[in-house]
There are 2 protein chains.
Amino acid sequence: MSSDPAAQGPSVSAEAFGSCPLPVSHYDRVLLGHGSGGRLSADLVRRLFLPAFHNEALARLDDQAICSLAPHAAARIAFTTDSFVVRPIFFPGGDIGSLAVHGTVNDLAMGGAVPLFLSAAFILEEGLPIDDLHRVVTSMQHACVEAGVTLVTGDTKVVDRGKGDQIFITTSGVGVVPDGRTLSASRCRPGDRILVSGTIGDHGIAIMSVREGLAFETTLESDSASLAGLTETMLQACPDIHCMRDPTRGGVSSALLEIAAAAGVGMTLAESAIPVRAEVRGACEILGLDPLYVANEGKLLAIVPAEAVDGLLEVMRAHPLGRKAAVIGEVVADHAGMVVMRSLVGGTRVVTMLAGEQLPRIC
Amino acid sequence: MSSDPAAQGPSVSAEAFGSCPLPVSHYDRVLLGHGSGGRLSADLVRRLFLPAFHNEALARLDDQAICSLAPHAAARIAFTTDSFVVRPIFFPGGDIGSLAVHGTVNDLAMGGAVPLFLSAAFILEEGLPIDDLHRVVTSMQHACVEAGVTLVTGDTKVVDRGKGDQIFITTSGVGVVPDGRTLSASRCRPGDRILVSGTIGDHGIAIMSVREGLAFETTLESDSASLAGLTETMLQACPDIHCMRDPTRGGVSSALLEIAAAAGVGMTLAESAIPVRAEVRGACEILGLDPLYVANEGKLLAIVPAEAVDGLLEVMRAHPLGRKAAVIGEVVADHAGMVVMRSLVGGTRVVTMLAGEQLPRIC
């Protein structure tokens, strides 16, 4: 068992409870931006969910809850959930089914857990072609096999036409956290290095290119993938990784800002070090987007002790999903809760969290 | 650890995979009836989900998966998920929030588990009043406290107006199954007695009375409640209870037919023994419904050895949620997979599973 008191009991994940100090917004109805993973999401969580479900271990703000089964058993489990409402439901590089499996497996993996069991709950809109459902379910099954997880329980509801949108899938996952691993945003320390496992923005731009009808010389595919194999390799090379996070909705910027706020540290990034595919950079220019805010579904950020960097980069680059791994920045004691970027042209800028929705229904 | 081989590995629950022998229906689009918990639901599951996620332990068909954490840990956990799409979201006796907590806690309890942790994933429709969301979340929190579970992780997505319906909630739950407990439909044996914990049909009729504007002398309330306290009392009195099931969507008829099919046994019921409130009976007559098919959200069925009946009825009737507990039938060796009702007027009739939707979006 870990000696981190926050890891002893149930804790509440960052997905439920955002971590940035925010001005209270004034709204009396749910806005699209409340689902963005940005400031409006965090504000909703802070105003509604946090006060309601407050519990002692709330301080640990990660993508999965780590729960001790004591006094019933000695194990620590990781537990996570996500709803998927992406449109279109089929996109280059994946579909809503594989995305739902990958997303949940990855949230477990980011906690250092070995993913074991998945559940899937479907909300279907009346009139959905059975062939589409079949395609999605088949894709989920392939993703489960690939990730080494078993889908053990499920549910299906149907809503009347016009009260849903083809298919929504909520996956939840359970894994076991091996002894000696305690990954949490709160463990990040000044001097730690920030690694990314590969190019950023691929998922969001793949979705947007379909929606907007953008054509590239090569097909831009989502990076949707299970990261559990990569994290296991990394943790075996360096069990003391402080924190991992997959930068999904809200992109790298939201993920790092959440970690910085939870740990009470600052971060500096070097724009020149951040891997971005040329097509993604081009599409971002056309669409007026910043890759730092665009969703990824097969990439991870790792905050690691400086002395572990060389060993980690070596094992990451030897893995098919980490070939373009890079050090992109550093944790600093200054400007706690803030992320500062040294830009390509030599200046610096503060990375802020988007208020609302840059790319609605991206996952 | 149990000696039941089916309890050693992951198993897939009845919610995902229906259990009745069914003629293949011909449809190429999802129908409302596919969410009914009746024959169309079971058929969808059998055609799509069962072949995709087939695994060795599929034979155990219950409302929750019981998963061994071996070789990582010695514990057995119960794991379950359900989406809730009930309308209206507020109804006499509860709301979609308390219903989501109760439903998931109850699915864990029916497996003999001690419910521990819950997740909640919200799919909100743009424009939902924040006050409504606040009311739902507060109600969930009260239900969690009452059931002794901790909500440890969550997610929020927002879909554009007209692509959802106010609020959908998917709750998943994890519990621990104490050693020595193996509850499963497959354990039912001829000679076992069938108990119900109280009056049936209250939830479904409460919802329908709001939708249809029916007025009664007293307000008819949903029975939505956490049954974990009642099941724990029952299991302490009789650890050898063979099977428990909460008769939600599809009512008592679907639950018993699923168990009969899974166990390869028949069942006989005595209509006169089944507790039904006078208001529910009256509303069923007006609406043309049979209480046996109407959803319950705070009742359980238990299949128990005959010698345990007296002790169980005593502890059930001493519990606030079991005061009207009754023996309603018996497991028999004849007519395997069939449930036969001795009616009030002396005849017998075969209880069939409804094909489609009697009461759409009841949970």
# chains A, B, ... in the order shown; residues from 1 in each chain; ligands from 1

$ select_by_dssp --residues "range 115-261 of chain A" --states "strand (DSSP E)" --output "PDB file with N, CA, C and O atoms, in the first residue's frame"
ATOM      1  N   PRO A 115      -5.544  -2.358 -16.412  1.00  0.00           N
ATOM      2  CA  PRO A 115      -6.986  -2.401 -16.718  1.00  0.00           C
ATOM      3  C   PRO A 115      -7.466  -3.850 -16.819  1.00  0.00           C
ATOM      4  O   PRO A 115      -6.809  -4.674 -17.452  1.00  0.00           O
ATOM      5  N   LEU A 116      -8.602  -4.157 -16.195  1.00  0.00           N
ATOM      6  CA  LEU A 116      -9.105  -5.538 -16.200  1.00  0.00           C
ATOM      7  C   LEU A 116     -10.505  -5.656 -16.800  1.00  0.00           C
ATOM      8  O   LEU A 116     -10.728  -6.428 -17.714  1.00  0.00           O
ATOM      9  N   PHE A 117     -11.468  -4.903 -16.262  1.00  0.00           N
ATOM     10  CA  PHE A 117     -12.869  -5.115 -16.619  1.00  0.00           C
ATOM     11  C   PHE A 117     -13.517  -3.826 -17.116  1.00  0.00           C
ATOM     12  O   PHE A 117     -13.256  -2.751 -16.587  1.00  0.00           O
ATOM     13  N   LEU A 118     -14.384  -3.989 -18.106  1.00  0.00           N
ATOM     14  CA  LEU A 118     -15.108  -2.845 -18.650  1.00  0.00           C
ATOM     15  C   LEU A 118     -16.615  -3.097 -18.585  1.00  0.00           C
ATOM     16  O   LEU A 118     -17.060  -4.250 -18.691  1.00  0.00           O
ATOM     17  N   SER A 119     -17.374  -2.027 -18.435  1.00  0.00           N
ATOM     18  CA  SER A 119     -18.818  -2.094 -18.636  1.00  0.00           C
ATOM     19  C   SER A 119     -19.167  -1.144 -19.769  1.00  0.00           C
ATOM     20  O   SER A 119     -18.428  -0.191 -20.039  1.00  0.00           O
ATOM     21  N   ALA A 120     -20.286  -1.410 -20.442  1.00  0.00           N
ATOM     22  CA  ALA A 120     -20.730  -0.527 -21.522  1.00  0.00           C
ATOM     23  C   ALA A 120     -22.234  -0.336 -21.426  1.00  0.00           C
ATOM     24  O   ALA A 120     -22.976  -1.314 -21.358  1.00  0.00           O
ATOM     25  N   ALA A 121     -22.665   0.922 -21.386  1.00  0.00           N
ATOM     26  CA  ALA A 121     -24.093   1.231 -21.360  1.00  0.00           C
ATOM     27  C   ALA A 121     -24.416   2.046 -22.607  1.00  0.00           C
ATOM     28  O   ALA A 121     -23.781   3.077 -22.856  1.00  0.00           O
ATOM     29  N   PHE A 122     -25.369   1.549 -23.389  1.00  0.00           N
ATOM     30  CA  PHE A 122     -25.731   2.167 -24.662  1.00  0.00           C
ATOM     31  C   PHE A 122     -27.046   2.923 -24.519  1.00  0.00           C
ATOM     32  O   PHE A 122     -28.011   2.394 -23.980  1.00  0.00           O
ATOM     33  N   ILE A 123     -27.063   4.171 -25.013  1.00  0.00           N
ATOM     34  CA  ILE A 123     -28.333   4.881 -25.173  1.00  0.00           C
ATOM     35  C   ILE A 123     -28.520   5.059 -26.672  1.00  0.00           C
ATOM     36  O   ILE A 123     -27.796   5.815 -27.322  1.00  0.00           O
ATOM     37  N   LEU A 124     -29.469   4.300 -27.223  1.00  0.00           N
ATOM     38  CA  LEU A 124     -29.677   4.264 -28.672  1.00  0.00           C
ATOM     39  C   LEU A 124     -30.878   5.111 -29.039  1.00  0.00           C
ATOM     40  O   LEU A 124     -31.882   5.133 -28.321  1.00  0.00           O
ATOM     41  N   GLU A 125     -30.781   5.792 -30.178  1.00  0.00           N
ATOM     42  CA  GLU A 125     -31.938   6.532 -30.687  1.00  0.00           C
ATOM     43  C   GLU A 125     -32.743   5.590 -31.570  1.00  0.00           C
ATOM     44  O   GLU A 125     -32.180   4.888 -32.428  1.00  0.00           O
ATOM     45  N   THR A 150     -11.728  -7.278 -20.403  1.00  0.00           N
ATOM     46  CA  THR A 150     -12.931  -8.062 -20.660  1.00  0.00           C
ATOM     47  C   THR A 150     -14.155  -7.210 -20.380  1.00  0.00           C
ATOM     48  O   THR A 150     -14.260  -6.613 -19.308  1.00  0.00           O
ATOM     49  N   LEU A 151     -15.066  -7.161 -21.353  1.00  0.00           N
ATOM     50  CA  LEU A 151     -16.309  -6.430 -21.143  1.00  0.00           C
ATOM     51  C   LEU A 151     -17.276  -7.371 -20.429  1.00  0.00           C
ATOM     52  O   LEU A 151     -17.719  -8.360 -21.013  1.00  0.00           O
ATOM     53  N   VAL A 152     -17.568  -7.096 -19.155  1.00  0.00           N
ATOM     54  CA  VAL A 152     -18.261  -8.081 -18.323  1.00  0.00           C
ATOM     55  C   VAL A 152     -19.711  -7.742 -18.025  1.00  0.00           C
ATOM     56  O   VAL A 152     -20.459  -8.594 -17.543  1.00  0.00           O
ATOM     57  N   THR A 153     -20.143  -6.515 -18.287  1.00  0.00           N
ATOM     58  CA  THR A 153     -21.529  -6.186 -17.976  1.00  0.00           C
ATOM     59  C   THR A 153     -21.963  -5.003 -18.831  1.00  0.00           C
ATOM     60  O   THR A 153     -21.113  -4.233 -19.296  1.00  0.00           O
ATOM     61  N   GLY A 154     -23.256  -4.883 -19.069  1.00  0.00           N
ATOM     62  CA  GLY A 154     -23.725  -3.823 -19.944  1.00  0.00           C
ATOM     63  C   GLY A 154     -25.187  -3.514 -19.753  1.00  0.00           C
ATOM     64  O   GLY A 154     -25.874  -4.118 -18.930  1.00  0.00           O
ATOM     65  N   ASP A 155     -25.649  -2.549 -20.527  1.00  0.00           N
ATOM     66  CA  ASP A 155     -27.046  -2.127 -20.452  1.00  0.00           C
ATOM     67  C   ASP A 155     -27.404  -1.469 -21.775  1.00  0.00           C
ATOM     68  O   ASP A 155     -26.543  -0.867 -22.426  1.00  0.00           O
ATOM     69  N   THR A 156     -28.652  -1.583 -22.182  1.00  0.00           N
ATOM     70  CA  THR A 156     -29.120  -0.916 -23.399  1.00  0.00           C
ATOM     71  C   THR A 156     -30.423  -0.200 -23.108  1.00  0.00           C
ATOM     72  O   THR A 156     -31.361  -0.802 -22.583  1.00  0.00           O
ATOM     73  N   LYS A 157     -30.467   1.090 -23.425  1.00  0.00           N
ATOM     74  CA  LYS A 157     -31.725   1.835 -23.360  1.00  0.00           C
ATOM     75  C   LYS A 157     -31.985   2.413 -24.744  1.00  0.00           C
ATOM     76  O   LYS A 157     -31.043   2.680 -25.501  1.00  0.00           O
ATOM     77  N   VAL A 158     -33.255   2.596 -25.060  1.00  0.00           N
ATOM     78  CA  VAL A 158     -33.623   3.222 -26.332  1.00  0.00           C
ATOM     79  C   VAL A 158     -34.464   4.454 -26.032  1.00  0.00           C
ATOM     80  O   VAL A 158     -35.378   4.394 -25.200  1.00  0.00           O
ATOM     81  N   VAL A 159     -34.148   5.571 -26.678  1.00  0.00           N
ATOM     82  CA  VAL A 159     -34.964   6.783 -26.540  1.00  0.00           C
ATOM     83  C   VAL A 159     -35.642   7.076 -27.876  1.00  0.00           C
ATOM     84  O   VAL A 159     -35.152   6.694 -28.937  1.00  0.00           O
ATOM     85  N   ILE A 167     -26.237   7.205 -31.250  1.00  0.00           N
ATOM     86  CA  ILE A 167     -25.733   6.317 -30.208  1.00  0.00           C
ATOM     87  C   ILE A 167     -24.824   7.080 -29.250  1.00  0.00           C
ATOM     88  O   ILE A 167     -23.943   7.824 -29.684  1.00  0.00           O
ATOM     89  N   PHE A 168     -25.108   6.919 -27.976  1.00  0.00           N
ATOM     90  CA  PHE A 168     -24.215   7.396 -26.914  1.00  0.00           C
ATOM     91  C   PHE A 168     -23.734   6.151 -26.164  1.00  0.00           C
ATOM     92  O   PHE A 168     -24.520   5.238 -25.914  1.00  0.00           O
ATOM     93  N   ILE A 169     -22.464   6.122 -25.813  1.00  0.00           N
ATOM     94  CA  ILE A 169     -21.927   4.977 -25.073  1.00  0.00           C
ATOM     95  C   ILE A 169     -21.230   5.482 -23.811  1.00  0.00           C
ATOM     96  O   ILE A 169     -20.405   6.392 -23.882  1.00  0.00           O
ATOM     97  N   THR A 170     -21.587   4.893 -22.693  1.00  0.00           N
ATOM     98  CA  THR A 170     -20.858   5.175 -21.456  1.00  0.00           C
ATOM     99  C   THR A 170     -20.097   3.927 -21.051  1.00  0.00           C
ATOM    100  O   THR A 170     -20.698   2.878 -20.820  1.00  0.00           O
ATOM    101  N   THR A 171     -18.771   4.023 -21.020  1.00  0.00           N
ATOM    102  CA  THR A 171     -17.951   2.911 -20.555  1.00  0.00           C
ATOM    103  C   THR A 171     -17.390   3.252 -19.179  1.00  0.00           C
ATOM    104  O   THR A 171     -17.030   4.397 -18.908  1.00  0.00           O
ATOM    105  N   SER A 172     -17.352   2.252 -18.335  1.00  0.00           N
ATOM    106  CA  SER A 172     -16.672   2.372 -17.049  1.00  0.00           C
ATOM    107  C   SER A 172     -15.646   1.265 -16.986  1.00  0.00           C
ATOM    108  O   SER A 172     -15.791   0.241 -17.659  1.00  0.00           O
ATOM    109  N   GLY A 173     -14.614   1.471 -16.186  1.00  0.00           N
ATOM    110  CA  GLY A 173     -13.544   0.481 -16.122  1.00  0.00           C
ATOM    111  C   GLY A 173     -13.032   0.294 -14.715  1.00  0.00           C
ATOM    112  O   GLY A 173     -13.076   1.215 -13.892  1.00  0.00           O
ATOM    113  N   VAL A 174     -12.570  -0.920 -14.472  1.00  0.00           N
ATOM    114  CA  VAL A 174     -11.954  -1.256 -13.194  1.00  0.00           C
ATOM    115  C   VAL A 174     -10.596  -1.892 -13.473  1.00  0.00           C
ATOM    116  O   VAL A 174     -10.479  -2.756 -14.350  1.00  0.00           O
ATOM    117  N   GLY A 175      -9.593  -1.465 -12.741  1.00  0.00           N
ATOM    118  CA  GLY A 175      -8.270  -2.075 -12.832  1.00  0.00           C
ATOM    119  C   GLY A 175      -7.688  -2.242 -11.447  1.00  0.00           C
ATOM    120  O   GLY A 175      -8.264  -1.772 -10.458  1.00  0.00           O
ATOM    121  N   VAL A 176      -6.566  -2.918 -11.386  1.00  0.00           N
ATOM    122  CA  VAL A 176      -5.870  -3.088 -10.110  1.00  0.00           C
ATOM    123  C   VAL A 176      -4.579  -2.272 -10.158  1.00  0.00           C
ATOM    124  O   VAL A 176      -3.883  -2.274 -11.174  1.00  0.00           O
ATOM    125  N   ARG A 193      10.365  16.835 -15.236  1.00  0.00           N
ATOM    126  CA  ARG A 193      10.263  17.098 -16.664  1.00  0.00           C
ATOM    127  C   ARG A 193       8.890  16.641 -17.168  1.00  0.00           C
ATOM    128  O   ARG A 193       8.280  15.717 -16.615  1.00  0.00           O
ATOM    129  N   ILE A 194       8.419  17.302 -18.226  1.00  0.00           N
ATOM    130  CA  ILE A 194       7.117  16.993 -18.830  1.00  0.00           C
ATOM    131  C   ILE A 194       7.366  16.297 -20.164  1.00  0.00           C
ATOM    132  O   ILE A 194       7.969  16.874 -21.066  1.00  0.00           O
ATOM    133  N   LEU A 195       6.896  15.060 -20.276  1.00  0.00           N
ATOM    134  CA  LEU A 195       7.058  14.299 -21.523  1.00  0.00           C
ATOM    135  C   LEU A 195       5.709  14.170 -22.221  1.00  0.00           C
ATOM    136  O   LEU A 195       4.666  14.092 -21.581  1.00  0.00           O
ATOM    137  N   VAL A 196       5.754  14.118 -23.549  1.00  0.00           N
ATOM    138  CA  VAL A 196       4.562  13.761 -24.321  1.00  0.00           C
ATOM    139  C   VAL A 196       4.948  12.562 -25.182  1.00  0.00           C
ATOM    140  O   VAL A 196       6.105  12.433 -25.604  1.00  0.00           O
ATOM    141  N   CYS A 243       3.216  11.444 -12.339  1.00  0.00           N
ATOM    142  CA  CYS A 243       1.838  11.662 -12.793  1.00  0.00           C
ATOM    143  C   CYS A 243       1.757  11.383 -14.285  1.00  0.00           C
ATOM    144  O   CYS A 243       2.700  11.681 -15.029  1.00  0.00           O
ATOM    145  N   MET A 244       0.653  10.769 -14.710  1.00  0.00           N
ATOM    146  CA  MET A 244       0.386  10.643 -16.149  1.00  0.00           C
ATOM    147  C   MET A 244      -1.040  11.128 -16.405  1.00  0.00           C
ATOM    148  O   MET A 244      -1.927  10.998 -15.554  1.00  0.00           O
ATOM    149  N   ARG A 245      -1.254  11.648 -17.584  1.00  0.00           N
ATOM    150  CA  ARG A 245      -2.579  12.161 -17.947  1.00  0.00           C
ATOM    151  C   ARG A 245      -2.715  12.045 -19.458  1.00  0.00           C
ATOM    152  O   ARG A 245      -1.766  12.367 -20.185  1.00  0.00           O
TER     153      ARG A 245
END

$ interface_residues --of "chain B" --to "chain A" --cutoff "7 Å" --atoms "only C-alpha atoms" --output "PyMOL selection string"
chain B and resi 10-13+15-16+28-32+34-35+48+52-53+64-65+72-73+75+80-83+119+121+126-130+134+137-138+141+151-160+162-165+170+172+176

$ atom_distance --atom1 "CA of Leu108 in chain A" --atom2 "CA of Gly356 in chain A"
26.2 Å

$ atom_distance --atom1 "CA of Gly251 in chain B" --atom2 "CA of Leu313 in chain B"
21.5 Å

$ closest_residue --among "A:Gly264, A:Pro92, A:Pro305, A:Gly229" --to "Pro320 in chain A" --atoms "only C-alpha atoms"
A:Gly229

$ select_by_dssp --residues "range 130-344 of chain B" --states "helix (DSSP H, G or I)" --output "ChimeraX atom specification"
/B:130-147,185-187,202-212,228-237,251-263,271-273,278-287,291-293,306-317

$ closest_residue --among "A:Gly346, A:Pro71, A:Gly250, A:Pro88" --to "Leu40 in chain A" --atoms "only C-alpha atoms"
A:Gly250

$ atom_distance --atom1 "CA of Ala283 in chain A" --atom2 "CA of Ile205 in chain A"
7.0 Å

$ decode --residues "range 256-282 of chain B" --atoms "N, CA, C and O atoms" --output "CSV table (one decimal), in the first residue's frame"
chain,number,residue,atom,x,y,z
B,256,LEU,N,-38.4,-13.3,-13.6
B,256,LEU,CA,-38.5,-14.8,-13.3
B,256,LEU,C,-38.3,-15.6,-14.5
B,256,LEU,O,-37.7,-16.7,-14.5
B,257,LEU,N,-38.7,-15.1,-15.7
B,257,LEU,CA,-38.5,-15.9,-16.9
B,257,LEU,C,-37.0,-16.0,-17.2
B,257,LEU,O,-36.5,-17.0,-17.7
B,258,GLU,N,-36.2,-14.9,-17.0
B,258,GLU,CA,-34.8,-14.9,-17.2
B,258,GLU,C,-34.1,-16.0,-16.3
B,258,GLU,O,-33.3,-16.7,-16.7
B,259,ILE,N,-34.5,-16.0,-15.0
B,259,ILE,CA,-34.0,-16.9,-14.0
B,259,ILE,C,-34.3,-18.3,-14.4
B,259,ILE,O,-33.5,-19.2,-14.4
B,260,ALA,N,-35.6,-18.5,-14.8
B,260,ALA,CA,-36.0,-19.9,-15.1
B,260,ALA,C,-35.2,-20.4,-16.3
B,260,ALA,O,-34.8,-21.6,-16.3
B,261,ALA,N,-35.0,-19.6,-17.3
B,261,ALA,CA,-34.3,-20.0,-18.5
B,261,ALA,C,-32.8,-20.3,-18.1
B,261,ALA,O,-32.2,-21.3,-18.6
B,262,ALA,N,-32.2,-19.4,-17.3
B,262,ALA,CA,-30.8,-19.6,-17.0
B,262,ALA,C,-30.6,-20.8,-16.1
B,262,ALA,O,-29.5,-21.5,-16.3
B,263,ALA,N,-31.5,-21.1,-15.3
B,263,ALA,CA,-31.4,-22.3,-14.4
B,263,ALA,C,-31.9,-23.6,-15.0
B,263,ALA,O,-31.7,-24.7,-14.5
B,264,GLY,N,-32.7,-23.5,-16.1
B,264,GLY,CA,-33.3,-24.6,-16.7
B,264,GLY,C,-34.3,-25.3,-15.8
B,264,GLY,O,-34.4,-26.5,-15.7
B,265,VAL,N,-35.1,-24.4,-15.1
B,265,VAL,CA,-36.2,-24.9,-14.2
B,265,VAL,C,-37.5,-24.3,-14.6
B,265,VAL,O,-37.5,-23.3,-15.4
B,266,GLY,N,-38.6,-24.8,-14.1
B,266,GLY,CA,-39.9,-24.1,-14.2
B,266,GLY,C,-40.2,-23.4,-13.0
B,266,GLY,O,-39.6,-23.5,-11.9
B,267,MET,N,-41.3,-22.6,-13.0
B,267,MET,CA,-41.8,-21.9,-11.8
B,267,MET,C,-43.3,-21.9,-11.9
B,267,MET,O,-43.9,-21.8,-12.9
B,268,THR,N,-43.9,-22.0,-10.7
B,268,THR,CA,-45.3,-21.7,-10.5
B,268,THR,C,-45.5,-20.6,-9.6
B,268,THR,O,-44.9,-20.5,-8.6
B,269,LEU,N,-46.5,-19.7,-9.9
B,269,LEU,CA,-46.8,-18.6,-9.1
B,269,LEU,C,-48.3,-18.7,-8.6
B,269,LEU,O,-49.1,-19.2,-9.4
B,270,ALA,N,-48.6,-18.2,-7.5
B,270,ALA,CA,-50.0,-18.1,-7.0
B,270,ALA,C,-50.4,-16.6,-7.0
B,270,ALA,O,-49.9,-15.8,-6.3
B,271,GLU,N,-51.3,-16.3,-8.0
B,271,GLU,CA,-51.6,-14.9,-8.2
B,271,GLU,C,-52.1,-14.3,-6.8
B,271,GLU,O,-51.9,-13.1,-6.5
B,272,SER,N,-52.9,-15.1,-6.1
B,272,SER,CA,-53.5,-14.6,-4.8
B,272,SER,C,-52.4,-14.2,-3.8
B,272,SER,O,-52.7,-13.4,-2.9
B,273,ALA,N,-51.2,-14.7,-3.9
B,273,ALA,CA,-50.2,-14.4,-3.0
B,273,ALA,C,-49.3,-13.2,-3.3
B,273,ALA,O,-48.6,-12.7,-2.5
B,274,ILE,N,-49.5,-12.6,-4.5
B,274,ILE,CA,-48.6,-11.5,-4.9
B,274,ILE,C,-49.2,-10.2,-4.4
B,274,ILE,O,-50.3,-9.8,-4.8
B,275,PRO,N,-48.4,-9.5,-3.6
B,275,PRO,CA,-48.9,-8.3,-3.0
B,275,PRO,C,-49.0,-7.1,-4.1
B,275,PRO,O,-48.0,-6.8,-4.7
B,276,VAL,N,-50.2,-6.5,-4.2
B,276,VAL,CA,-50.3,-5.4,-5.2
B,276,VAL,C,-51.2,-4.4,-4.4
B,276,VAL,O,-52.3,-4.7,-3.9
B,277,ARG,N,-50.8,-3.1,-4.4
B,277,ARG,CA,-51.6,-2.1,-3.8
B,277,ARG,C,-52.9,-1.9,-4.6
B,277,ARG,O,-52.9,-2.0,-5.8
B,278,ALA,N,-53.9,-1.5,-3.8
B,278,ALA,CA,-55.2,-1.3,-4.5
B,278,ALA,C,-55.2,-0.2,-5.6
B,278,ALA,O,-55.7,-0.4,-6.7
B,279,GLU,N,-54.4,0.9,-5.3
B,279,GLU,CA,-54.3,1.9,-6.3
B,279,GLU,C,-53.6,1.4,-7.6
B,279,GLU,O,-53.9,1.8,-8.7
B,280,VAL,N,-52.6,0.6,-7.4
B,280,VAL,CA,-51.8,0.1,-8.5
B,280,VAL,C,-52.7,-0.9,-9.3
B,280,VAL,O,-52.8,-0.8,-10.6
B,281,ARG,N,-53.5,-1.7,-8.6
B,281,ARG,CA,-54.4,-2.6,-9.3
B,281,ARG,C,-55.4,-1.8,-10.1
B,281,ARG,O,-55.7,-2.1,-11.3
B,282,GLY,N,-56.0,-0.7,-9.5
B,282,GLY,CA,-56.9,0.1,-10.1
B,282,GLY,C,-56.4,0.8,-11.4
B,282,GLY,O,-57.0,0.8,-12.5
